[in-house]
$ cat structure.pdb   # PDB, C-alpha atoms
ATOM      1  CA  GLU A 200     -11.076  24.339  -5.366  1.00  0.00           C
ATOM      2  CA  LEU A 201     -11.790  20.811  -4.104  1.00  0.00           C
ATOM      3  CA  ASP A 202      -8.662  18.605  -3.938  1.00  0.00           C
ATOM      4  CA  LEU A 203      -9.871  15.116  -4.963  1.00  0.00           C
ATOM      5  CA  SER A 204      -6.604  13.548  -3.740  1.00  0.00           C
ATOM      6  CA  SER A 205      -6.551  15.167  -0.294  1.00  0.00           C
ATOM      7  CA  PRO A 206      -6.764  12.901   2.762  1.00  0.00           C
ATOM      8  CA  GLU A 207      -9.922  14.711   3.893  1.00  0.00           C
ATOM      9  CA  PHE A 208     -11.737  14.052   0.612  1.00  0.00           C
ATOM     10  CA  LEU A 209     -10.594  10.415   0.456  1.00  0.00           C
ATOM     11  CA  LYS A 210     -11.633   9.865   4.067  1.00  0.00           C
ATOM     12  CA  LYS A 211     -15.067  11.314   3.274  1.00  0.00           C
ATOM     13  CA  LYS A 212     -15.327   9.038   0.215  1.00  0.00           C
ATOM     14  CA  ILE A 213     -14.551   6.006   2.379  1.00  0.00           C
ATOM     15  CA  GLU A 214     -17.246   7.044   4.859  1.00  0.00           C
ATOM     16  CA  VAL A 215     -19.790   7.443   2.032  1.00  0.00           C
ATOM     17  CA  LEU A 216     -18.995   4.000   0.594  1.00  0.00           C
ATOM     18  CA  GLN A 217     -19.271   2.395   4.024  1.00  0.00           C
ATOM     19  CA  SER A 218     -22.591   4.180   4.569  1.00  0.00           C
ATOM     20  CA  GLU A 219     -23.907   2.841   1.244  1.00  0.00           C
ATOM     21  CA  LEU A 220     -22.987  -0.702   2.248  1.00  0.00           C
ATOM     22  CA  ASP A 221     -24.718  -0.281   5.610  1.00  0.00           C
ATOM     23  CA  THR A 222     -27.816   1.173   3.910  1.00  0.00           C
ATOM     24  CA  ALA A 223     -27.996  -1.736   1.450  1.00  0.00           C
ATOM     25  CA  SER A 224     -27.728  -4.278   4.259  1.00  0.00           C
ATOM     26  CA  ALA A 225     -30.428  -2.478   6.242  1.00  0.00           C
ATOM     27  CA  ARG A 226     -32.704  -2.445   3.171  1.00  0.00           C
ATOM     28  CA  VAL A 227     -32.360  -6.220   2.812  1.00  0.00           C
ATOM     29  CA  THR A 228     -33.496  -6.600   6.418  1.00  0.00           C
ATOM     30  CA  GLU A 229     -36.472  -4.293   5.772  1.00  0.00           C
ATOM     31  CA  LEU A 230     -37.519  -6.271   2.692  1.00  0.00           C
ATOM     32  CA  GLU A 231     -37.425  -9.501   4.661  1.00  0.00           C
ATOM     33  CA  ALA A 232     -39.723  -7.933   7.272  1.00  0.00           C
ATOM     34  CA  GLU A 233     -42.107  -6.653   4.573  1.00  0.00           C
ATOM     35  CA  LEU A 234     -42.449 -10.172   3.171  1.00  0.00           C
ATOM     36  CA  GLU A 235     -43.868 -11.579   6.416  1.00  0.00           C
ATOM     37  CA  PRO A 236     -47.482 -10.298   5.840  1.00  0.00           C
ATOM     38  CA  LEU A 237     -47.297 -11.576   2.262  1.00  0.00           C
ATOM     39  CA  ASN A 238     -46.286 -15.009   3.473  1.00  0.00           C
ATOM     40  CA  GLU A 239     -49.253 -15.015   5.873  1.00  0.00           C
ATOM     41  CA  LEU A 240     -51.723 -14.159   3.050  1.00  0.00           C
ATOM     42  CA  GLN A 241     -50.277 -16.909   0.914  1.00  0.00           C
ATOM     43  CA  SER A 242     -50.616 -19.445   3.732  1.00  0.00           C
ATOM     44  CA  LYS A 243     -54.338 -18.560   4.008  1.00  0.00           C
ATOM     45  CA  GLY A 244     -54.850 -18.961   0.256  1.00  0.00           C
ATOM     46  CA  ILE A 245     -55.837 -15.308  -0.215  1.00  0.00           C
ATOM     47  CA  ILE A 246     -53.146 -14.735  -2.847  1.00  0.00           C
ATOM     48  CA  LYS A 247     -51.401 -17.183  -5.103  1.00  0.00           C
ATOM     49  CA  ALA A 248     -47.908 -18.106  -4.124  1.00  0.00           C
ATOM     50  CA  PRO A 249     -45.314 -17.792  -6.877  1.00  0.00           C
ATOM     51  CA  SER A 250     -43.896 -20.989  -8.223  1.00  0.00           C
ATOM     52  CA  ALA A 251     -40.608 -22.372  -6.990  1.00  0.00           C
ATOM     53  CA  THR A 252     -39.013 -21.553 -10.352  1.00  0.00           C
ATOM     54  CA  GLU A 253     -40.154 -17.916 -10.174  1.00  0.00           C
ATOM     55  CA  LEU A 254     -38.904 -17.566  -6.624  1.00  0.00           C
ATOM     56  CA  LYS A 255     -35.561 -19.105  -7.535  1.00  0.00           C
ATOM     57  CA  ASP A 256     -35.128 -16.846 -10.573  1.00  0.00           C
ATOM     58  CA  THR A 257     -36.002 -13.741  -8.562  1.00  0.00           C
ATOM     59  CA  TYR A 258     -33.677 -14.729  -5.733  1.00  0.00           C
ATOM     60  CA  VAL A 259     -30.781 -15.488  -8.073  1.00  0.00           C
ATOM     61  CA  ARG A 260     -31.223 -12.153  -9.879  1.00  0.00           C
ATOM     62  CA  LEU A 261     -31.417 -10.081  -6.680  1.00  0.00           C
ATOM     63  CA  ALA A 262     -28.518 -11.956  -5.092  1.00  0.00           C
ATOM     64  CA  ALA A 263     -26.353 -11.364  -8.168  1.00  0.00           C
ATOM     65  CA  ASP A 264     -27.230  -7.653  -8.272  1.00  0.00           C
ATOM     66  CA  PHE A 265     -26.447  -7.198  -4.596  1.00  0.00           C
ATOM     67  CA  ASP A 266     -23.205  -9.200  -4.854  1.00  0.00           C
ATOM     68  CA  ASN A 267     -22.053  -7.041  -7.780  1.00  0.00           C
ATOM     69  CA  PHE A 268     -22.891  -3.889  -5.846  1.00  0.00           C
ATOM     70  CA  ARG A 269     -21.059  -5.139  -2.763  1.00  0.00           C
ATOM     71  CA  ARG A 270     -18.012  -6.123  -4.823  1.00  0.00           C
ATOM     72  CA  ARG A 271     -17.839  -2.739  -6.560  1.00  0.00           C
ATOM     73  CA  SER A 272     -18.225  -0.904  -3.262  1.00  0.00           C
ATOM     74  CA  ALA A 273     -15.540  -3.059  -1.634  1.00  0.00           C
ATOM     75  CA  ASP A 274     -13.133  -2.391  -4.537  1.00  0.00           C
ATOM     76  CA  ASP A 275     -13.803   1.349  -4.344  1.00  0.00           C
ATOM     77  CA  LEU A 276     -13.225   1.240  -0.594  1.00  0.00           C
ATOM     78  CA  VAL A 277      -9.872  -0.546  -1.002  1.00  0.00           C
ATOM     79  CA  LYS A 278      -8.720   1.900  -3.689  1.00  0.00           C
ATOM     80  CA  ALA A 279      -9.779   4.942  -1.660  1.00  0.00           C
ATOM     81  CA  THR A 280      -8.029   3.575   1.439  1.00  0.00           C
ATOM     82  CA  ALA A 281      -4.830   2.912  -0.532  1.00  0.00           C
ATOM     83  CA  GLU A 282      -4.887   6.426  -1.998  1.00  0.00           C
ATOM     84  CA  ALA A 283      -5.419   7.994   1.415  1.00  0.00           C
ATOM     85  CA  THR A 284      -2.655   5.886   2.972  1.00  0.00           C
ATOM     86  CA  GLY A 285      -0.248   6.727   0.151  1.00  0.00           C
ATOM     87  CA  LYS A 286      -0.953  10.437   0.570  1.00  0.00           C
ATOM     88  CA  VAL A 287      -0.251  10.316   4.320  1.00  0.00           C
ATOM     89  CA  VAL A 288       2.875   8.180   3.841  1.00  0.00           C
ATOM     90  CA  LYS A 289       4.360  10.645   1.336  1.00  0.00           C
ATOM     91  CA  GLU A 290       3.993  13.423   3.891  1.00  0.00           C
ATOM     92  CA  LEU A 291       5.558  11.263   6.617  1.00  0.00           C
ATOM     93  CA  LEU A 292       8.519  10.462   4.356  1.00  0.00           C
ATOM     94  CA  VAL A 293       9.406  14.148   4.119  1.00  0.00           C
ATOM     95  CA  VAL A 294       9.579  14.314   7.911  1.00  0.00           C
ATOM     96  CA  LEU A 295      11.554  11.046   8.092  1.00  0.00           C
ATOM     97  CA  ASP A 296      14.082  12.252   5.500  1.00  0.00           C
ATOM     98  CA  ASN A 297      14.630  15.490   7.415  1.00  0.00           C
ATOM     99  CA  PHE A 298      15.151  13.602  10.678  1.00  0.00           C
ATOM    100  CA  GLU A 299      17.672  11.255   9.074  1.00  0.00           C
ATOM    101  CA  ARG A 300      19.621  14.157   7.545  1.00  0.00           C
ATOM    102  CA  ALA A 301      19.627  16.010  10.871  1.00  0.00           C
ATOM    103  CA  GLY A 302      20.670  12.870  12.736  1.00  0.00           C
ATOM    104  CA  ALA A 303      23.534  12.226  10.316  1.00  0.00           C
ATOM    105  CA  ALA A 304      24.820  15.779  10.851  1.00  0.00           C
ATOM    106  CA  ILE A 305      24.955  15.501  14.662  1.00  0.00           C
ATOM    107  CA  GLN A 306      28.443  15.174  16.173  1.00  0.00           C
ATOM    108  CA  THR A 307      28.592  12.982  19.286  1.00  0.00           C
ATOM    109  CA  GLU A 308      31.747  14.295  20.886  1.00  0.00           C
ATOM    110  CA  THR A 309      30.085  15.477  24.105  1.00  0.00           C
ATOM    111  CA  GLU A 310      27.430  14.076  26.445  1.00  0.00           C
ATOM    112  CA  ARG A 311      24.975  16.760  25.359  1.00  0.00           C
ATOM    113  CA  GLU A 312      25.488  15.889  21.692  1.00  0.00           C
ATOM    114  CA  GLU A 313      25.095  12.206  22.514  1.00  0.00           C
ATOM    115  CA  SER A 314      21.824  12.965  24.326  1.00  0.00           C
ATOM    116  CA  ILE A 315      20.530  14.952  21.327  1.00  0.00           C
ATOM    117  CA  ASN A 316      21.491  12.108  18.985  1.00  0.00           C
ATOM    118  CA  ASN A 317      19.663   9.568  21.165  1.00  0.00           C
ATOM    119  CA  SER A 318      16.534  11.728  21.071  1.00  0.00           C
ATOM    120  CA  TYR A 319      16.691  11.963  17.292  1.00  0.00           C
ATOM    121  CA  GLN A 320      17.147   8.205  16.959  1.00  0.00           C
ATOM    122  CA  ALA A 321      14.177   7.549  19.259  1.00  0.00           C
ATOM    123  CA  VAL A 322      11.892   9.783  17.179  1.00  0.00           C
ATOM    124  CA  ASN A 323      13.239   8.213  13.980  1.00  0.00           C
ATOM    125  CA  LYS A 324      12.370   4.733  15.282  1.00  0.00           C
ATOM    126  CA  GLU A 325       8.835   5.857  16.093  1.00  0.00           C
ATOM    127  CA  LEU A 326       8.401   7.211  12.576  1.00  0.00           C
ATOM    128  CA  LEU A 327       9.643   3.933  11.079  1.00  0.00           C
ATOM    129  CA  LYS A 328       7.304   2.011  13.379  1.00  0.00           C
ATOM    130  CA  THR A 329       4.386   4.127  12.176  1.00  0.00           C
ATOM    131  CA  LEU A 330       5.245   3.301   8.567  1.00  0.00           C
ATOM    132  CA  LEU A 331       5.428  -0.420   9.359  1.00  0.00           C
ATOM    133  CA  ASN A 332       1.993  -0.219  10.972  1.00  0.00           C
ATOM    134  CA  LEU A 333       0.725   1.188   7.664  1.00  0.00           C
ATOM    135  CA  ASN A 334       2.246  -1.850   5.860  1.00  0.00           C
ATOM    136  CA  VAL A 335       4.923   0.332   4.277  1.00  0.00           C
ATOM    137  CA  GLU A 336       8.083  -1.506   3.177  1.00  0.00           C
ATOM    138  CA  PRO A 337      11.438   0.121   2.334  1.00  0.00           C
ATOM    139  CA  ILE A 338      13.041  -0.319  -1.086  1.00  0.00           C
ATOM    140  CA  GLU A 339      16.821  -0.660  -0.644  1.00  0.00           C
ATOM    141  CA  PRO A 340      18.055  -2.027  -3.982  1.00  0.00           C
ATOM    142  CA  GLN A 341      21.850  -1.771  -3.803  1.00  0.00           C
ATOM    143  CA  GLY A 342      23.354  -4.783  -5.591  1.00  0.00           C
ATOM    144  CA  GLU A 343      20.070  -5.630  -7.321  1.00  0.00           C
ATOM    145  CA  GLU A 344      19.192  -5.456 -11.024  1.00  0.00           C
ATOM    146  CA  PHE A 345      17.905  -2.007 -11.971  1.00  0.00           C
ATOM    147  CA  ASP A 346      14.098  -1.966 -12.217  1.00  0.00           C
ATOM    148  CA  PRO A 347      12.476   1.266 -13.506  1.00  0.00           C
ATOM    149  CA  ASN A 348       9.259   0.308 -11.725  1.00  0.00           C
ATOM    150  CA  PHE A 349      10.937   0.670  -8.329  1.00  0.00           C
ATOM    151  CA  HIS A 350      14.141   2.642  -8.975  1.00  0.00           C
ATOM    152  CA  ASN A 351      14.858   6.148 -10.246  1.00  0.00           C
ATOM    153  CA  ALA A 352      18.349   6.304 -11.756  1.00  0.00           C
ATOM    154  CA  ILE A 353      19.990   9.727 -11.682  1.00  0.00           C
ATOM    155  CA  GLN A 354      23.461   8.650 -12.753  1.00  0.00           C
ATOM    156  CA  GLN A 355      25.384   5.804 -14.378  1.00  0.00           C
ATOM    157  CA  VAL A 356      29.007   5.159 -13.411  1.00  0.00           C
ATOM    158  CA  GLU A 357      31.720   2.679 -14.269  1.00  0.00           C
ATOM    159  CA  SER A 358      32.180   0.016 -11.609  1.00  0.00           C
ATOM    160  CA  THR A 359      34.464  -2.957 -11.136  1.00  0.00           C
ATOM    161  CA  GLU A 360      32.317  -4.144  -8.218  1.00  0.00           C
ATOM    162  CA  TYR A 361      28.910  -4.341  -9.913  1.00  0.00           C
ATOM    163  CA  LYS A 362      27.934  -5.627 -13.351  1.00  0.00           C
ATOM    164  CA  GLU A 363      26.246  -3.415 -15.927  1.00  0.00           C
ATOM    165  CA  ASN A 364      22.656  -2.367 -15.087  1.00  0.00           C
ATOM    166  CA  VAL A 365      23.046  -3.267 -11.408  1.00  0.00           C
ATOM    167  CA  VAL A 366      22.349  -0.660  -8.710  1.00  0.00           C
ATOM    168  CA  ALA A 367      25.781   0.434  -7.472  1.00  0.00           C
ATOM    169  CA  GLN A 368      24.559   2.914  -4.858  1.00  0.00           C
ATOM    170  CA  CYS A 369      21.234   3.830  -3.231  1.00  0.00           C
ATOM    171  CA  LEU A 370      21.123   7.553  -2.516  1.00  0.00           C
ATOM    172  CA  GLN A 371      17.623   7.580  -1.027  1.00  0.00           C
ATOM    173  CA  ARG A 372      15.448   4.690   0.100  1.00  0.00           C
ATOM    174  CA  GLY A 373      12.224   4.074  -1.718  1.00  0.00           C
ATOM    175  CA  TYR A 374       9.000   2.829  -0.115  1.00  0.00           C
ATOM    176  CA  LYS A 375       6.064   0.706  -1.235  1.00  0.00           C
ATOM    177  CA  ILE A 376       2.747  -0.572   0.110  1.00  0.00           C
ATOM    178  CA  GLY A 377       2.367  -4.078  -1.271  1.00  0.00           C
ATOM    179  CA  ASP A 378       2.980  -3.705  -5.019  1.00  0.00           C
ATOM    180  CA  ARG A 379       2.064  -0.010  -4.976  1.00  0.00           C
ATOM    181  CA  VAL A 380       5.165   2.223  -5.099  1.00  0.00           C
ATOM    182  CA  VAL A 381       4.867   5.261  -2.847  1.00  0.00           C
ATOM    183  CA  ARG A 382       8.317   6.599  -3.692  1.00  0.00           C
ATOM    184  CA  GLU A 383      10.965   5.182  -6.026  1.00  0.00           C
ATOM    185  CA  ALA A 384      14.456   4.575  -4.665  1.00  0.00           C
ATOM    186  CA  LEU A 385      16.982   7.159  -5.891  1.00  0.00           C
ATOM    187  CA  VAL A 386      19.919   5.186  -7.292  1.00  0.00           C
ATOM    188  CA  VAL A 387      23.215   5.204  -9.199  1.00  0.00           C
ATOM    189  CA  VAL A 388      23.469   2.400 -11.777  1.00  0.00           C
ATOM    190  CA  SER A 389      26.626   0.583 -12.795  1.00  0.00           C
ATOM    191  CA  ALA A 390      27.802   0.876 -16.390  1.00  0.00           C
ATOM    192  CA  GLY A 391      30.156  -2.070 -15.893  1.00  0.00           C
ATOM    193  CA  PRO A 392      32.525  -3.677 -16.562  1.00  0.00           C
ATOM    194  CA  GLY A 393      31.893  -5.399 -13.201  1.00  0.00           C
ATOM    195  CA  PRO A 394      34.220  -7.857 -11.465  1.00  0.00           C
ATOM    196  CA  ALA A 395      37.085  -9.200 -13.562  1.00  0.00           C
ATOM    197  CA  GLU A 396      36.298 -12.489 -15.278  1.00  0.00           C
ATOM    198  CA  GLY A 397      39.551 -13.979 -14.039  1.00  0.00           C
ATOM    199  CA  ALA A 398      38.578 -13.291 -10.433  1.00  0.00           C
ATOM    200  CA  GLU A 399      35.164 -14.882 -10.958  1.00  0.00           C
ATOM    201  CA  GLY A 400      36.688 -17.853 -12.773  1.00  0.00           C
ATOM    202  CA  GLY A 401      39.242 -18.310 -10.015  1.00  0.00           C
ATOM    203  CA  GLU A 402      36.550 -18.402  -7.372  1.00  0.00           C
ATOM    204  CA  GLY A 403      34.510 -20.868  -9.434  1.00  0.00           C
ATOM    205  CA  ALA A 404      37.518 -23.139  -9.997  1.00  0.00           C
ATOM    206  CA  GLU A 405      38.395 -23.084  -6.317  1.00  0.00           C
ATOM    207  CA  ALA A 406      34.789 -23.929  -5.379  1.00  0.00           C
ATOM    208  CA  ALA A 407      34.677 -26.723  -7.929  1.00  0.00           C
ATOM    209  CA  ASN A 408      37.998 -28.205  -6.730  1.00  0.00           C
ATOM    210  CA  PRO A 409      38.141 -27.754  -2.945  1.00  0.00           C
ATOM    211  CA  PRO A 410      41.451 -28.546  -1.227  1.00  0.00           C
ATOM    212  CA  ALA A 411      41.818 -32.113   0.027  1.00  0.00           C
TER     213      ALA A 411
END

$ encode --input "structure.pdb" --output "structure tokens"
Amino acid sequence: ELDLSSPEFLKKKIEVLQSELDTASARVTELEAELEPLNELQSKGIIKAPSATELKDTYVRLAADFDNFRRRSADDLVKATAEATGKVVKELLVVLDNFERAGAAIQTETEREESINNSYQAVNKELLKTLLNLNVEPIEPQGEEFDPNFHNAIQQVESTEYKENVVAQCLQRGYKIGDRVVREALVVVSAGPGPAEGAEGGEGAEAANPPA
């Protein structure tokens, strides 16, 4: 069964769209060449030249049709590229998560363990660099207002540090490409009550009346 979301299919779709754009551009060049003999016959008075109004109307219509086609093809190309990139990024994130878990479990009590840890960190940096090259940005929302578009809450806990509906802990980073979310951040959300009002009021009073 053909997987319409596979990187191979999306890559093929991109190639087809690019080929259609190239073909359309080549056809325009061919039409311009085909008009040369017609222009020569018109200059000799053998055939009647169309009026300026007719030429303008024809040109405007063809230009609009081609511009619409080019715009649709460009939009399809952008969407297909984004889908292909998102698919690849999701697969890379699985590898990155495994590396980070393995790196966190390494004990660095000996030189050999330190060497292994350095190797893991080097590979981890390369993976992060690859994501940055794909315009992938991390979502690390701790301390921010909970947003269901970017965050996936798995638990709600009482907190005296964070106000209600604020992300108290980020269990797993999320990632996005522009406004497109590749993976939501896995978070714990505060149920309040948040910092004591007296502590906040004290800080505000102190800021409003600084010592002389």

$ residues_around --input "structure.pdb" --residues "segment 365-374 of chain A" --least-positions-apart "2" --cutoff "7 Å" --atoms "all atoms listed in the file" --output "VMD selection string"
chain A and resid 335 to 345 361 to 363 380 to 389

$ axis_aligned_box --input "structure.pdb" --around "segment 367-376 of chain A" --padding-each-side "3 Å" --output "lines of an AutoDock Vina configuration file"
center_x = 14.3
center_y = 3.5
center_z = -3.7
size_x = 29.0
size_y = 14.2
size_z = 13.6

$ closest_residue --input "structure.pdb" --among "A:Glu360, A:Glu214, A:Leu292, A:Asn351" --to "Leu330 of chain A" --atoms "all atoms listed in the file"
A:Leu292

$ closest_residue --input "structure.pdb" --among "A:Ser218, A:Thr329, A:Gln354, A:Thr359" --to "Ala273 of chain A" --atoms "all atoms listed in the file"
A:Ser218

$ closest_residue --input "structure.pdb" --among "A:Ala283, A:Ala225, A:Val288, A:Ser358" --to "Ala395 of chain A" --atoms "only C-alpha atoms"
A:Ser358

$ residues_near_point --input "structure.pdb" --point "(-19.2, -2.7, -0.1)" --cutoff "7 Å" --atoms "only C-alpha atoms" --output "PDB file with C-alpha atoms, keeping the file's coordinate frame"
ATOM      1  CA  LEU A 216     -18.995   4.000   0.594  1.00  0.00           C
ATOM      2  CA  GLN A 217     -19.271   2.395   4.024  1.00  0.00           C
ATOM      3  CA  LEU A 220     -22.987  -0.702   2.248  1.00  0.00           C
ATOM      4  CA  PHE A 268     -22.891  -3.889  -5.846  1.00  0.00           C
ATOM      5  CA  ARG A 269     -21.059  -5.139  -2.763  1.00  0.00           C
ATOM      6  CA  ARG A 270     -18.012  -6.123  -4.823  1.00  0.00           C
ATOM      7  CA  ARG A 271     -17.839  -2.739  -6.560  1.00  0.00           C
ATOM      8  CA  SER A 272     -18.225  -0.904  -3.262  1.00  0.00           C
ATOM      9  CA  ALA A 273     -15.540  -3.059  -1.634  1.00  0.00           C
TER      10      ALA A 273
END

$ resolve_selection --input "structure.pdb" --expression "the PyMOL selection byres ((chain A and resi 285) around 10)" --output "ChimeraX atom specification"
/A:206,279-284,286-291,333,335,375-376,379-382

$ resolve_selection --input "structure.pdb" --expression "the PyMOL selection byres ((chain A and resi 302) around 9)" --output "count of residues only"
14

$ atom_distance --input "structure.pdb" --atom1 "atom CA of Asp378 of chain A" --atom2 "atom CA of Asn267 of chain A"
25.4 Å

$ atom_distance --input "structure.pdb" --atom1 "atom CA of Leu261 of chain A" --atom2 "atom CA of Glu219 of chain A"
16.9 Å

$ closest_residue --input "structure.pdb" --among "A:Asp296, A:Asp266, A:Glu325, A:Glu207" --to "Ala223 of chain A" --atoms "all atoms listed in the file"
A:Asp266

$ decode --input "structure.pdb" --residues "segment 327-358 of chain A" --atoms "C-alpha atoms" --output "PDB file, in the first residue's frame"
ATOM      1  CA  LEU A 327      20.792  19.427  17.504  1.00  0.00           C
ATOM      2  CA  LYS A 328      22.787  21.202  14.797  1.00  0.00           C
ATOM      3  CA  THR A 329      20.999  19.157  12.141  1.00  0.00           C
ATOM      4  CA  LEU A 330      17.635  20.199  13.569  1.00  0.00           C
ATOM      5  CA  LEU A 331      18.664  23.866  13.575  1.00  0.00           C
ATOM      6  CA  ASN A 332      19.677  23.562   9.926  1.00  0.00           C
ATOM      7  CA  LEU A 333      16.128  22.352   9.232  1.00  0.00           C
ATOM      8  CA  ASN A 334      14.780  25.497  10.992  1.00  0.00           C
ATOM      9  CA  VAL A 335      13.533  23.420  13.918  1.00  0.00           C
ATOM     10  CA  GLU A 336      13.076  25.327  17.193  1.00  0.00           C
ATOM     11  CA  PRO A 337      12.701  23.761  20.660  1.00  0.00           C
ATOM     12  CA  ILE A 338       9.622  24.409  22.795  1.00  0.00           C
ATOM     13  CA  GLU A 339      10.696  24.731  26.448  1.00  0.00           C
ATOM     14  CA  PRO A 340       7.693  26.298  28.195  1.00  0.00           C
ATOM     15  CA  GLN A 341       8.477  26.039  31.913  1.00  0.00           C
ATOM     16  CA  GLY A 342       7.139  29.157  33.653  1.00  0.00           C
ATOM     17  CA  GLU A 343       4.947  30.099  30.686  1.00  0.00           C
ATOM     18  CA  GLU A 344       1.147  30.145  30.428  1.00  0.00           C
ATOM     19  CA  PHE A 345      -0.200  26.757  29.354  1.00  0.00           C
ATOM     20  CA  ASP A 346      -1.069  26.722  25.640  1.00  0.00           C
ATOM     21  CA  PRO A 347      -2.794  23.569  24.289  1.00  0.00           C
ATOM     22  CA  ASN A 348      -1.512  24.412  20.813  1.00  0.00           C
ATOM     23  CA  PHE A 349       2.086  23.851  21.917  1.00  0.00           C
ATOM     24  CA  HIS A 350       1.859  21.928  25.207  1.00  0.00           C
ATOM     25  CA  ASN A 351       0.519  18.507  26.164  1.00  0.00           C
ATOM     26  CA  ALA A 352      -0.405  18.448  29.857  1.00  0.00           C
ATOM     27  CA  ILE A 353      -0.263  15.031  31.504  1.00  0.00           C
ATOM     28  CA  GLN A 354      -0.686  16.177  35.090  1.00  0.00           C
ATOM     29  CA  GLN A 355      -1.803  19.120  37.219  1.00  0.00           C
ATOM     30  CA  VAL A 356      -0.218  19.713  40.627  1.00  0.00           C
ATOM     31  CA  GLU A 357      -0.472  22.246  43.414  1.00  0.00           C
ATOM     32  CA  SER A 358       2.379  24.746  43.401  1.00  0.00           C
TER      33      SER A 358
END
